[in-house]
file start-v9.pdb (PDB, C-alpha atoms)
ATOM      1  CA  MET A  12      18.896  -8.119  33.331
ATOM      2  CA  GLU A  13      22.550  -8.339  34.301
ATOM      3  CA  THR A  14      25.036  -6.326  32.277
ATOM      4  CA  LEU A  15      28.717  -6.757  31.521
ATOM      5  CA  THR A  16      31.173  -3.906  31.050
ATOM      6  CA  LEU A  17      33.413  -4.325  28.018
ATOM      7  CA  ASN A  18      37.065  -3.291  28.010
ATOM      8  CA  ASN A  19      36.219   0.111  26.500
ATOM      9  CA  GLY A  20      33.552   0.899  29.116
ATOM     10  CA  VAL A  21      30.521   0.000  26.990
ATOM     11  CA  GLU A  22      27.831  -1.887  28.897
ATOM     12  CA  MET A  23      26.288  -4.940  27.240
ATOM     13  CA  PRO A  24      23.341  -7.037  28.434
ATOM     14  CA  ALA A  25      24.808 -10.345  29.580
ATOM     15  CA  LEU A  26      22.095 -12.451  27.980
ATOM     16  CA  GLY A  27      20.986 -12.078  24.394
ATOM     17  CA  LEU A  28      18.999 -13.837  21.704
ATOM     18  CA  GLY A  29      20.911 -15.621  18.950
ATOM     19  CA  VAL A  30      19.401 -16.170  15.497
ATOM     20  CA  PHE A  31      21.742 -18.852  14.175
ATOM     21  CA  GLN A  32      20.548 -19.850  10.679
ATOM     22  CA  THR A  33      16.981 -18.855  11.538
ATOM     23  CA  SER A  34      14.706 -18.275   8.539
ATOM     24  CA  PRO A  35      13.680 -14.660   7.870
ATOM     25  CA  ASN A  36      10.075 -14.922   9.093
ATOM     26  CA  GLU A  37      11.057 -16.967  12.139
ATOM     27  CA  THR A  38      13.761 -14.415  12.928
ATOM     28  CA  ARG A  39      11.324 -11.509  12.853
ATOM     29  CA  ASP A  40       8.873 -13.303  15.132
ATOM     30  CA  ALA A  41      11.569 -14.547  17.518
ATOM     31  CA  VAL A  42      13.097 -11.081  17.961
ATOM     32  CA  ARG A  43       9.659  -9.550  18.530
ATOM     33  CA  SER A  44       8.931 -12.172  21.160
ATOM     34  CA  ALA A  45      12.300 -11.679  22.836
ATOM     35  CA  LEU A  46      11.996  -7.905  23.030
ATOM     36  CA  GLY A  47       8.525  -8.332  24.524
ATOM     37  CA  ASP A  48       9.976 -10.616  27.200
ATOM     38  CA  GLY A  49      12.648  -8.110  28.172
ATOM     39  CA  TYR A  50      15.668  -9.077  26.051
ATOM     40  CA  ARG A  51      17.757  -6.082  25.055
ATOM     41  CA  HIS A  52      20.593  -7.841  23.232
ATOM     42  CA  ILE A  53      20.187  -9.405  19.795
ATOM     43  CA  ASP A  54      23.028 -11.269  18.077
ATOM     44  CA  THR A  55      22.779 -11.703  14.310
ATOM     45  CA  VAL A  56      25.155 -12.526  11.472
ATOM     46  CA  ALA A  57      25.535 -11.216   7.936
ATOM     47  CA  ALA A  58      26.059 -14.709   6.563
ATOM     48  CA  TYR A  59      22.718 -15.978   7.915
ATOM     49  CA  GLY A  60      20.708 -13.651   5.706
ATOM     50  CA  ASN A  61      18.392 -12.455   8.476
ATOM     51  CA  GLU A  62      19.790  -9.068   9.505
ATOM     52  CA  ARG A  63      16.947  -7.263   7.735
ATOM     53  CA  GLN A  64      14.320  -9.136   9.749
ATOM     54  CA  VAL A  65      16.174  -8.367  12.981
ATOM     55  CA  GLY A  66      16.070  -4.688  12.060
ATOM     56  CA  GLU A  67      12.378  -4.832  11.205
ATOM     57  CA  ALA A  68      11.551  -6.436  14.544
ATOM     58  CA  VAL A  69      13.655  -3.935  16.492
ATOM     59  CA  HIS A  70      12.156  -0.927  14.729
ATOM     60  CA  GLY A  71       8.653  -2.323  15.129
ATOM     61  CA  ALA A  72       9.032  -2.847  18.857
ATOM     62  CA  LYS A  73       7.998  -0.343  21.503
ATOM     63  CA  VAL A  74      11.583  -0.145  22.681
ATOM     64  CA  PRO A  75      13.916   2.780  21.904
ATOM     65  CA  ARG A  76      16.772   1.848  19.591
ATOM     66  CA  SER A  77      19.230   3.134  22.199
ATOM     67  CA  GLU A  78      18.048   0.427  24.599
ATOM     68  CA  VAL A  79      18.662  -2.481  22.199
ATOM     69  CA  PHE A  80      22.217  -3.786  21.930
ATOM     70  CA  LEU A  81      22.690  -5.008  18.341
ATOM     71  CA  GLU A  82      25.575  -7.302  17.489
ATOM     72  CA  THR A  83      26.494  -8.691  14.078
ATOM     73  CA  LYS A  84      29.431 -10.349  12.346
ATOM     74  CA  VAL A  85      31.494  -9.948   9.183
ATOM     75  CA  TRP A  86      31.903 -13.155   7.189
ATOM     76  CA  ILE A  87      35.308 -14.272   5.835
ATOM     77  CA  SER A  88      34.322 -13.505   2.232
ATOM     78  CA  ASP A  89      34.198  -9.823   3.206
ATOM     79  CA  TYR A  90      37.636  -9.742   4.843
ATOM     80  CA  GLY A  91      40.130  -7.092   3.798
ATOM     81  CA  HIS A  92      40.145  -3.448   4.862
ATOM     82  CA  ASP A  93      37.898  -1.924   2.197
ATOM     83  CA  GLU A  94      35.784  -5.059   1.879
ATOM     84  CA  THR A  95      35.041  -5.044   5.605
ATOM     85  CA  LEU A  96      34.136  -1.356   5.571
ATOM     86  CA  HIS A  97      31.652  -2.182   2.807
ATOM     87  CA  ALA A  98      30.367  -5.160   4.804
ATOM     88  CA  PHE A  99      29.574  -2.783   7.673
ATOM     89  CA  GLU A 100      27.599  -0.536   5.350
ATOM     90  CA  LYS A 101      25.613  -3.518   4.057
ATOM     91  CA  SER A 102      24.812  -4.700   7.562
ATOM     92  CA  ALA A 103      23.858  -1.220   8.749
ATOM     93  CA  ARG A 104      21.511  -0.763   5.788
ATOM     94  CA  LYS A 105      19.857  -4.141   6.329
ATOM     95  CA  LEU A 106      19.463  -3.458  10.050
ATOM     96  CA  ASP A 107      18.373   0.108   9.227
ATOM     97  CA  VAL A 108      20.567   1.594  11.933
ATOM     98  CA  ASP A 109      22.954   4.510  12.232
ATOM     99  CA  TRP A 110      25.381   2.525  14.338
ATOM    100  CA  ILE A 111      26.070  -1.056  15.385
ATOM    101  CA  ASP A 112      26.773  -1.730  19.038
ATOM    102  CA  LEU A 113      29.179  -4.634  18.561
ATOM    103  CA  LEU A 114      30.736  -5.687  15.254
ATOM    104  CA  ILE A 115      32.932  -8.771  15.215
ATOM    105  CA  LEU A 116      34.835 -10.939  12.743
ATOM    106  CA  HIS A 117      32.977 -14.233  12.368
ATOM    107  CA  GLN A 118      36.036 -16.494  12.108
ATOM    108  CA  ALA A 119      39.779 -16.367  11.928
ATOM    109  CA  LEU A 120      41.015 -17.148   8.429
ATOM    110  CA  PRO A 121      44.267 -18.997   9.176
ATOM    111  CA  SER A 122      45.067 -19.698   5.521
ATOM    112  CA  ALA A 123      44.957 -15.965   4.741
ATOM    113  CA  PHE A 124      45.567 -14.323   8.085
ATOM    114  CA  ASP A 125      46.723 -11.061   6.513
ATOM    115  CA  ARG A 126      43.154 -10.611   5.264
ATOM    116  CA  THR A 127      41.922 -11.240   8.809
ATOM    117  CA  LEU A 128      44.281  -8.531  10.093
ATOM    118  CA  ASP A 129      43.135  -6.111   7.380
ATOM    119  CA  ALA A 130      39.513  -6.822   8.305
ATOM    120  CA  TYR A 131      40.224  -6.118  11.956
ATOM    121  CA  ARG A 132      41.992  -2.883  10.981
ATOM    122  CA  ALA A 133      38.729  -1.884   9.300
ATOM    123  CA  LEU A 134      36.862  -2.567  12.543
ATOM    124  CA  GLU A 135      39.325  -0.267  14.306
ATOM    125  CA  THR A 136      38.569   2.404  11.690
ATOM    126  CA  LEU A 137      34.828   2.024  12.246
ATOM    127  CA  LEU A 138      35.337   2.287  16.002
ATOM    128  CA  ALA A 139      37.439   5.434  15.624
ATOM    129  CA  ASP A 140      34.728   6.919  13.390
ATOM    130  CA  SER A 141      32.041   6.080  16.004
ATOM    131  CA  LYS A 142      30.129   3.882  13.564
ATOM    132  CA  VAL A 143      30.377   1.001  16.042
ATOM    133  CA  ARG A 144      30.529   1.125  19.825
ATOM    134  CA  ALA A 145      32.727  -1.940  20.316
ATOM    135  CA  ILE A 146      34.598  -4.470  18.171
ATOM    136  CA  GLY A 147      35.614  -8.067  18.616
ATOM    137  CA  VAL A 148      36.162 -11.489  17.110
ATOM    138  CA  SER A 149      34.558 -14.909  17.063
ATOM    139  CA  ASN A 150      35.988 -18.427  17.060
ATOM    140  CA  PHE A 151      39.535 -17.148  17.566
ATOM    141  CA  MET A 152      41.871 -19.561  19.304
ATOM    142  CA  VAL A 153      44.879 -18.563  21.409
ATOM    143  CA  GLU A 154      47.234 -18.594  18.425
ATOM    144  CA  HIS A 155      44.866 -16.361  16.436
ATOM    145  CA  LEU A 156      44.427 -13.937  19.320
ATOM    146  CA  THR A 157      48.183 -13.819  19.860
ATOM    147  CA  ARG A 158      48.851 -12.909  16.226
ATOM    148  CA  LEU A 159      46.063 -10.353  16.260
ATOM    149  CA  LEU A 160      47.274  -8.644  19.426
ATOM    150  CA  GLU A 161      50.753  -8.297  17.937
ATOM    151  CA  ARG A 162      49.286  -5.983  15.271
ATOM    152  CA  ALA A 163      46.089  -4.549  16.704
ATOM    153  CA  THR A 164      45.831  -1.091  18.219
ATOM    154  CA  VAL A 165      42.522  -1.957  19.911
ATOM    155  CA  VAL A 166      42.152  -5.095  22.024
ATOM    156  CA  PRO A 167      38.992  -6.991  21.023
ATOM    157  CA  ALA A 168      36.170  -6.442  23.483
ATOM    158  CA  VAL A 169      34.676  -9.888  22.887
ATOM    159  CA  ASN A 170      35.644 -13.324  21.591
ATOM    160  CA  GLN A 171      32.491 -15.288  20.800
ATOM    161  CA  ILE A 172      33.245 -19.024  20.964
ATOM    162  CA  GLU A 173      31.521 -22.350  21.476
ATOM    163  CA  VAL A 174      31.140 -22.800  25.247
ATOM    164  CA  HIS A 175      28.763 -25.149  27.048
ATOM    165  CA  PRO A 176      29.205 -27.770  29.796
ATOM    166  CA  TYR A 177      30.546 -30.370  27.350
ATOM    167  CA  PHE A 178      33.062 -28.027  25.657
ATOM    168  CA  GLN A 179      34.490 -25.187  27.710
ATOM    169  CA  GLN A 180      37.675 -24.011  25.923
ATOM    170  CA  ARG A 181      39.270 -22.934  29.194
ATOM    171  CA  GLU A 182      42.623 -22.090  27.633
ATOM    172  CA  VAL A 183      40.964 -19.653  25.219
ATOM    173  CA  GLN A 184      38.822 -18.184  27.993
ATOM    174  CA  ASP A 185      41.803 -17.753  30.304
ATOM    175  CA  PHE A 186      43.863 -16.073  27.585
ATOM    176  CA  GLY A 187      41.003 -13.704  26.875
ATOM    177  CA  ALA A 188      40.536 -12.847  30.534
ATOM    178  CA  LYS A 189      44.250 -12.094  30.862
ATOM    179  CA  HIS A 190      43.978  -9.560  28.042
ATOM    180  CA  GLY A 191      40.596  -8.072  28.946
ATOM    181  CA  ILE A 192      38.651  -9.918  26.236
ATOM    182  CA  LEU A 193      35.193 -11.040  27.341
ATOM    183  CA  THR A 194      34.129 -14.569  26.434
ATOM    184  CA  GLN A 195      30.735 -14.736  24.774
ATOM    185  CA  ALA A 196      29.254 -18.211  24.512
ATOM    186  CA  TRP A 197      27.460 -19.398  21.425
ATOM    187  CA  SER A 198      25.496 -22.625  21.851
ATOM    188  CA  PRO A 199      25.549 -22.001  25.631
ATOM    189  CA  ILE A 200      23.081 -24.806  26.324
ATOM    190  CA  GLY A 201      24.990 -27.223  24.100
ATOM    191  CA  GLY A 202      22.463 -27.283  21.278
ATOM    192  CA  ILE A 203      25.190 -28.040  18.785
ATOM    193  CA  THR A 204      25.907 -31.296  20.629
ATOM    194  CA  PHE A 205      22.571 -32.771  19.674
ATOM    195  CA  TYR A 206      21.466 -31.106  16.452
ATOM    196  CA  ARG A 207      24.763 -31.433  14.602
ATOM    197  CA  ASP A 208      26.455 -34.496  16.088
ATOM    198  CA  GLY A 209      24.254 -36.867  18.043
ATOM    199  CA  SER A 210      27.247 -38.864  19.271
ATOM    200  CA  HIS A 211      27.929 -36.172  21.863
ATOM    201  CA  GLY A 212      24.734 -36.892  23.731
ATOM    202  CA  SER A 213      22.388 -34.123  24.819
ATOM    203  CA  THR A 214      23.365 -31.719  27.564
ATOM    204  CA  LEU A 215      19.635 -31.358  28.247
ATOM    205  CA  ASP A 216      19.553 -35.011  29.317
ATOM    206  CA  ASP A 217      22.718 -34.921  31.418
ATOM    207  CA  PRO A 218      21.940 -36.358  34.899
ATOM    208  CA  VAL A 219      24.218 -33.905  36.738
ATOM    209  CA  ILE A 220      22.549 -30.922  35.102
ATOM    210  CA  GLY A 221      19.156 -32.537  35.648
ATOM    211  CA  ASP A 222      19.794 -32.932  39.381
ATOM    212  CA  VAL A 223      20.787 -29.280  39.694
ATOM    213  CA  ALA A 224      17.727 -28.220  37.723
ATOM    214  CA  ARG A 225      15.369 -30.186  39.978
ATOM    215  CA  ALA A 226      17.003 -28.730  43.083
ATOM    216  CA  HIS A 227      16.157 -25.213  41.887
ATOM    217  CA  GLY A 228      12.848 -25.917  40.187
ATOM    218  CA  LYS A 229      14.366 -24.850  36.877
ATOM    219  CA  SER A 230      14.946 -26.448  33.485
ATOM    220  CA  PRO A 231      18.330 -27.859  32.402
ATOM    221  CA  ALA A 232      18.600 -25.033  29.862
ATOM    222  CA  GLN A 233      18.090 -22.423  32.563
ATOM    223  CA  VAL A 234      20.745 -24.077  34.724
ATOM    224  CA  MET A 235      23.285 -24.011  31.895
ATOM    225  CA  LEU A 236      22.590 -20.352  31.173
ATOM    226  CA  ARG A 237      22.907 -19.505  34.876
ATOM    227  CA  TRP A 238      26.192 -21.451  34.983
ATOM    228  CA  GLY A 239      27.552 -19.370  32.104
ATOM    229  CA  LEU A 240      26.406 -16.092  33.597
ATOM    230  CA  GLN A 241      27.918 -16.895  36.988
ATOM    231  CA  HIS A 242      31.237 -17.543  35.276
ATOM    232  CA  GLY A 243      31.052 -13.974  33.969
ATOM    233  CA  ARG A 244      30.337 -14.888  30.361
ATOM    234  CA  SER A 245      27.899 -13.395  27.932
ATOM    235  CA  VAL A 246      25.420 -16.030  26.705
ATOM    236  CA  ILE A 247      23.324 -15.889  23.531
ATOM    237  CA  PRO A 248      20.947 -18.859  23.370
ATOM    238  CA  LYS A 249      18.973 -19.399  20.187
ATOM    239  CA  SER A 250      15.306 -20.310  20.027
ATOM    240  CA  THR A 251      12.351 -19.562  17.781
ATOM    241  CA  LYS A 252       9.711 -20.845  20.206
ATOM    242  CA  PRO A 253       8.124 -18.104  22.342
ATOM    243  CA  SER A 254       7.902 -20.364  25.388
ATOM    244  CA  ARG A 255      11.598 -21.263  25.186
ATOM    245  CA  ILE A 256      12.605 -17.668  24.530
ATOM    246  CA  GLU A 257      10.754 -16.637  27.689
ATOM    247  CA  GLU A 258      12.182 -19.567  29.653
ATOM    248  CA  ASN A 259      15.739 -18.707  28.653
ATOM    249  CA  PHE A 260      15.285 -15.165  29.929
ATOM    250  CA  ASN A 261      14.096 -16.251  33.377
ATOM    251  CA  VAL A 262      17.527 -17.030  34.799
ATOM    252  CA  PHE A 263      18.131 -14.041  37.053
ATOM    253  CA  ASP A 264      16.116 -15.200  40.060
ATOM    254  CA  PHE A 265      18.333 -18.030  41.320
ATOM    255  CA  GLU A 266      21.993 -18.798  41.901
ATOM    256  CA  LEU A 267      24.028 -21.989  41.707
ATOM    257  CA  SER A 268      26.183 -23.002  44.660
ATOM    258  CA  ALA A 269      29.939 -23.394  44.372
ATOM    259  CA  GLU A 270      29.493 -27.166  44.494
ATOM    260  CA  GLU A 271      26.931 -27.088  41.685
ATOM    261  CA  MET A 272      29.186 -24.881  39.568
ATOM    262  CA  THR A 273      32.081 -27.309  40.049
ATOM    263  CA  ALA A 274      29.924 -30.315  39.204
ATOM    264  CA  ILE A 275      28.979 -28.724  35.874
ATOM    265  CA  ASP A 276      32.575 -27.619  35.260
ATOM    266  CA  ASP A 277      33.609 -31.259  35.564
ATOM    267  CA  LEU A 278      31.406 -32.286  32.605
ATOM    268  CA  ASP A 279      33.858 -30.921  30.030
ATOM    269  CA  THR A 280      34.632 -33.537  27.361
ATOM    270  CA  GLY A 281      37.017 -31.418  25.313
ATOM    271  CA  ARG A 282      35.057 -32.319  22.161
ATOM    272  CA  ARG A 283      34.204 -29.482  19.819
ATOM    273  CA  GLY A 284      30.758 -29.484  18.217
ATOM    274  CA  GLY A 285      31.381 -26.790  15.626
ATOM    275  CA  PRO A 286      33.944 -26.801  12.806
ATOM    276  CA  GLU A 287      37.634 -26.825  13.591
ATOM    277  CA  PRO A 288      38.885 -23.218  13.339
ATOM    278  CA  ASP A 289      41.815 -24.193  11.110
ATOM    279  CA  ALA A 290      39.384 -25.840   8.673
ATOM    280  CA  ILE A 291      37.841 -22.479   7.766
ATOM    281  CA  THR A 292      39.046 -21.534   4.277
ATOM    282  CA  LEU A 293      37.679 -19.299   1.543
ATOM    283  CA  LYS A 294      37.592 -22.277  -0.799
ATOM    284  CA  ASP A 295      35.324 -24.332   1.452
ATOM    285  CA  PHE A 296      33.379 -21.640   3.306
ATOM    286  CA  GLY A 297      33.586 -18.492   1.211
ATOM    287  CA  ARG A 298      30.285 -16.911   0.228
ATOM    288  CA  ARG A 299      29.170 -13.338  -0.070
ATOM    289  CA  SER A 300      26.792 -11.977   2.517
ATOM    290  CA  PRO A 301      23.367 -11.042   1.109
ATOM    291  CA  ARG A 302      23.042  -7.675  -0.586
ATOM    292  CA  PRO A 303      20.829  -5.028   1.036
ATOM    293  CA  GLU A 304      18.722  -4.362  -2.082
ATOM    294  CA  ASN A 305      15.178  -3.029  -1.687
ATOM    295  CA  HIS A 306      15.910  -1.812   1.810
ATOM    296  CA  ARG A 307      13.605   1.008   2.787
ATOM    297  CA  VAL A 308      16.290   3.509   3.779
ATOM    298  CA  ALA A 309      20.047   3.797   3.535
ATOM    299  CA  VAL A 310      22.049   4.293   6.671
ATOM    300  CA  SER A 311      22.565   7.948   7.456
ATOM    301  CA  ALA A 312      25.850   9.647   8.220
ATOM    302  CA  ALA A 313      24.860   9.958  11.848
ATOM    303  CA  ARG A 314      27.326   8.824  14.468
ATOM    304  CA  VAL A 315      27.016   7.299  17.909
ATOM    305  CA  ALA A 316      26.176   9.917  20.509
TER     306      ALA A 316
END

call {"tool": "encode", "arguments": {"input": "start-v9.pdb", "output": "structure tokens"}}
result
Amino acid sequence: METLTLNNGVEMPALGLGVFQTSPNETRDAVRSALGDGYRHIDTVAAYGNERQVGEAVHGAKVPRSEVFLETKVWISDYGHDETLHAFEKSARKLDVDWIDLLILHQALPSAFDRTLDAYRALETLLADSKVRAIGVSNFMVEHLTRLLERATVVPAVNQIEVHPYFQQREVQDFGAKHGILTQAWSPIGGITFYRDGSHGSTLDDPVIGDVARAHGKSPAQVMLRWGLQHGRSVIPKSTKPSRIEENFNVFDFELSAEEMTAIDDLDTGRRGGPEPDAITLKDFGRRSPRPENHRVAVSAARVA
């Protein structure tokens, strides 16, 4: 497993398992499978309602908690300083952990950016109190990052954004790199291009990617993950199938040439698969994250060692 060092010195496994909108039982099984295959980074989200199952799988695995990098996100409905502090407590209880390794804001909220800033201030408080090891953001564009950096006392460690061969967001990545913000790719194999909007075409069927895959005896998915890793990104592919979970992890035994990297770079269409960041509003997307009722234990007052 390759690791990446965040801007505060914390090491994070470069490849993780995402659980985007995965049902509770599927989430539990997928995380168990991933940990058995060697994954040590799990990315979940309060709004998906599966944090509890992630926690159950982690605690049921024969892997020390200290070796599993847990990442989760605060949804826009929980923005605001006190609201975000409460959102952390809910997530920690559902995950049944004393600390969270990486806590990030799920979206910018352009129509109420003051609430976004207050939420990020809460993340800074949690970091100062050693309740989280690193903080960051997700789906922030250059204008959002610029406004945040004008007020923040801690530079985000991570900006998790849609990045795959058909949509690379180079301007956002370059801005992040300039300021020490690591790009983390969601949908790194372009899944959103074929399960949400079929007009994009499937990255898995792209002939350029297919040629590279055949040259290395790998799958197109493995090539796209290797491409992301070689660009220095964190990648968090989602799958619930044990065979695919294992396949996605087996990307550390080959390397793409400079020519192959450039050929994949040239596939960028500039077409976003996910929602436009400025379209995210409380009116259209606001919903409370699930409550942690019936959880077996409340989070203790312990802090990160």

call {"tool": "resolve_selection", "arguments": {"input": "start-v9.pdb", "expression": "the PyMOL selection byres ((chain A and resi 79) around 12)", "output": "MDAnalysis selection string"}}
result
chainID A and resid 22:24 27:28 42 45:47 49:54 65:66 68:70 72:78 80:82 108 110:113

call {"tool": "write_last_selection", "arguments": {"input": "start-v9.pdb", "atoms": "C-alpha atoms", "output": "PDB file, in the coordinates of the input"}}
result
ATOM      1  CA  GLU A  22      27.831  -1.887  28.897  1.00  0.00           C
ATOM      2  CA  MET A  23      26.288  -4.940  27.240  1.00  0.00           C
ATOM      3  CA  PRO A  24      23.341  -7.037  28.434  1.00  0.00           C
ATOM      4  CA  GLY A  27      20.986 -12.078  24.394  1.00  0.00           C
ATOM      5  CA  LEU A  28      18.999 -13.837  21.704  1.00  0.00           C
ATOM      6  CA  VAL A  42      13.097 -11.081  17.961  1.00  0.00           C
ATOM      7  CA  ALA A  45      12.300 -11.679  22.836  1.00  0.00           C
ATOM      8  CA  LEU A  46      11.996  -7.905  23.030  1.00  0.00           C
ATOM      9  CA  GLY A  47       8.525  -8.332  24.524  1.00  0.00           C
ATOM     10  CA  GLY A  49      12.648  -8.110  28.172  1.00  0.00           C
ATOM     11  CA  TYR A  50      15.668  -9.077  26.051  1.00  0.00           C
ATOM     12  CA  ARG A  51      17.757  -6.082  25.055  1.00  0.00           C
ATOM     13  CA  HIS A  52      20.593  -7.841  23.232  1.00  0.00           C
ATOM     14  CA  ILE A  53      20.187  -9.405  19.795  1.00  0.00           C
ATOM     15  CA  ASP A  54      23.028 -11.269  18.077  1.00  0.00           C
ATOM     16  CA  VAL A  65      16.174  -8.367  12.981  1.00  0.00           C
ATOM     17  CA  GLY A  66      16.070  -4.688  12.060  1.00  0.00           C
ATOM     18  CA  ALA A  68      11.551  -6.436  14.544  1.00  0.00           C
ATOM     19  CA  VAL A  69      13.655  -3.935  16.492  1.00  0.00           C
ATOM     20  CA  HIS A  70      12.156  -0.927  14.729  1.00  0.00           C
ATOM     21  CA  ALA A  72       9.032  -2.847  18.857  1.00  0.00           C
ATOM     22  CA  LYS A  73       7.998  -0.343  21.503  1.00  0.00           C
ATOM     23  CA  VAL A  74      11.583  -0.145  22.681  1.00  0.00           C
ATOM     24  CA  PRO A  75      13.916   2.780  21.904  1.00  0.00           C
ATOM     25  CA  ARG A  76      16.772   1.848  19.591  1.00  0.00           C
ATOM     26  CA  SER A  77      19.230   3.134  22.199  1.00  0.00           C
ATOM     27  CA  GLU A  78      18.048   0.427  24.599  1.00  0.00           C
ATOM     28  CA  PHE A  80      22.217  -3.786  21.930  1.00  0.00           C
ATOM     29  CA  LEU A  81      22.690  -5.008  18.341  1.00  0.00           C
ATOM     30  CA  GLU A  82      25.575  -7.302  17.489  1.00  0.00           C
ATOM     31  CA  VAL A 108      20.567   1.594  11.933  1.00  0.00           C
ATOM     32  CA  TRP A 110      25.381   2.525  14.338  1.00  0.00           C
ATOM     33  CA  ILE A 111      26.070  -1.056  15.385  1.00  0.00           C
ATOM     34  CA  ASP A 112      26.773  -1.730  19.038  1.00  0.00           C
ATOM     35  CA  LEU A 113      29.179  -4.634  18.561  1.00  0.00           C
TER      36      LEU A 113
END

call {"tool": "resolve_selection", "arguments": {"input": "start-v9.pdb", "expression": "the PyMOL selection byres ((chain A and resi 279-289) around 9)", "output": "list in words"}}
result
Gln118, Ala119, Leu120, Pro121, Ser122, Asn150, Phe151, Met152, Glu173, His175, Pro176, Tyr177, Phe178, Gln179, Gln180, Gly201, Ile203, Thr204, Phe205, Arg207, Asp208, His211, Ile275, Asp276, Asp277, Leu278, Ala290, Ile291 and Thr292 of chain A

call {"tool": "residues_around", "arguments": {"input": "start-v9.pdb", "residues": "A:Leu240", "least_positions_apart": "2", "cutoff": "10 Å", "atoms": "all atoms listed in the file", "output": "PyMOL selection string"}}
result
chain A and resi 13-15+25-26+195-196+199+234-238+242-246+262-263+266

call {"tool": "closest_residue", "arguments": {"input": "start-v9.pdb", "among": "A:Ala139, A:Leu96, A:Ile200, A:Leu114", "to": "A:Asn170", "atoms": "all atoms listed in the file"}}
result
A:Leu114

call {"tool": "residues_around", "arguments": {"input": "start-v9.pdb", "residues": "stretch 87-93 of chain A", "least_positions_apart": "6", "cutoff": "7 Å", "atoms": "only C-alpha atoms", "output": "list in words"}}
result
His117, Gln118, Leu120, Arg126, Thr127, Asp129, Ala130, Arg132, Ala133, Leu293, Gly297, Arg298 and Arg299 of chain A

call {"tool": "decode", "arguments": {"input": "start-v9.pdb", "residues": "stretch 150-183 of chain A", "atoms": "C-alpha atoms", "output": "mmCIF file, in the first residue's frame"}}
result
data_model
loop_
_atom_site.group_PDB
_atom_site.id
_atom_site.type_symbol
_atom_site.label_atom_id
_atom_site.label_comp_id
_atom_site.auth_asym_id
_atom_site.auth_seq_id
_atom_site.Cartn_x
_atom_site.Cartn_y
_atom_site.Cartn_z
ATOM 1 C CA ASN A 150 -16.383 19.434 -4.131
ATOM 2 C CA PHE A 151 -14.861 22.865 -3.512
ATOM 3 C CA MET A 152 -13.992 24.814 -6.634
ATOM 4 C CA VAL A 153 -11.243 27.432 -6.885
ATOM 5 C CA GLU A 154 -13.570 30.267 -5.889
ATOM 6 C CA HIS A 155 -14.746 28.326 -2.823
ATOM 7 C CA LEU A 156 -11.204 27.445 -1.790
ATOM 8 C CA THR A 157 -10.116 31.052 -2.255
ATOM 9 C CA ARG A 158 -12.873 32.359 0.019
ATOM 10 C CA LEU A 159 -12.167 29.661 2.575
ATOM 11 C CA LEU A 160 -8.433 30.341 2.691
ATOM 12 C CA GLU A 161 -9.100 34.032 3.303
ATOM 13 C CA ARG A 162 -10.711 33.097 6.641
ATOM 14 C CA ALA A 163 -9.296 29.731 7.637
ATOM 15 C CA THR A 164 -6.508 29.286 10.159
ATOM 16 C CA VAL A 165 -5.857 25.717 8.977
ATOM 17 C CA VAL A 166 -5.362 24.921 5.293
ATOM 18 C CA PRO A 167 -7.530 21.943 4.286
ATOM 19 C CA ALA A 168 -5.518 18.750 4.020
ATOM 20 C CA VAL A 169 -7.740 17.310 1.290
ATOM 21 C CA ASN A 170 -10.217 18.416 -1.369
ATOM 22 C CA GLN A 171 -12.225 15.408 -2.526
ATOM 23 C CA ILE A 172 -13.559 16.044 -6.042
ATOM 24 C CA GLU A 173 -14.773 14.188 -9.105
ATOM 25 C CA VAL A 174 -11.655 13.150 -11.047
ATOM 26 C CA HIS A 175 -11.400 10.449 -13.701
ATOM 27 C CA PRO A 176 -9.998 10.353 -17.256
ATOM 28 C CA TYR A 177 -13.090 12.043 -18.714
ATOM 29 C CA PHE A 178 -13.231 14.863 -16.123
ATOM 30 C CA GLN A 179 -9.977 15.972 -14.540
ATOM 31 C CA GLN A 180 -10.600 19.443 -13.026
ATOM 32 C CA ARG A 181 -6.985 20.469 -13.562
ATOM 33 C CA GLU A 182 -7.523 24.058 -12.458
ATOM 34 C CA VAL A 183 -8.886 22.894 -9.096
#
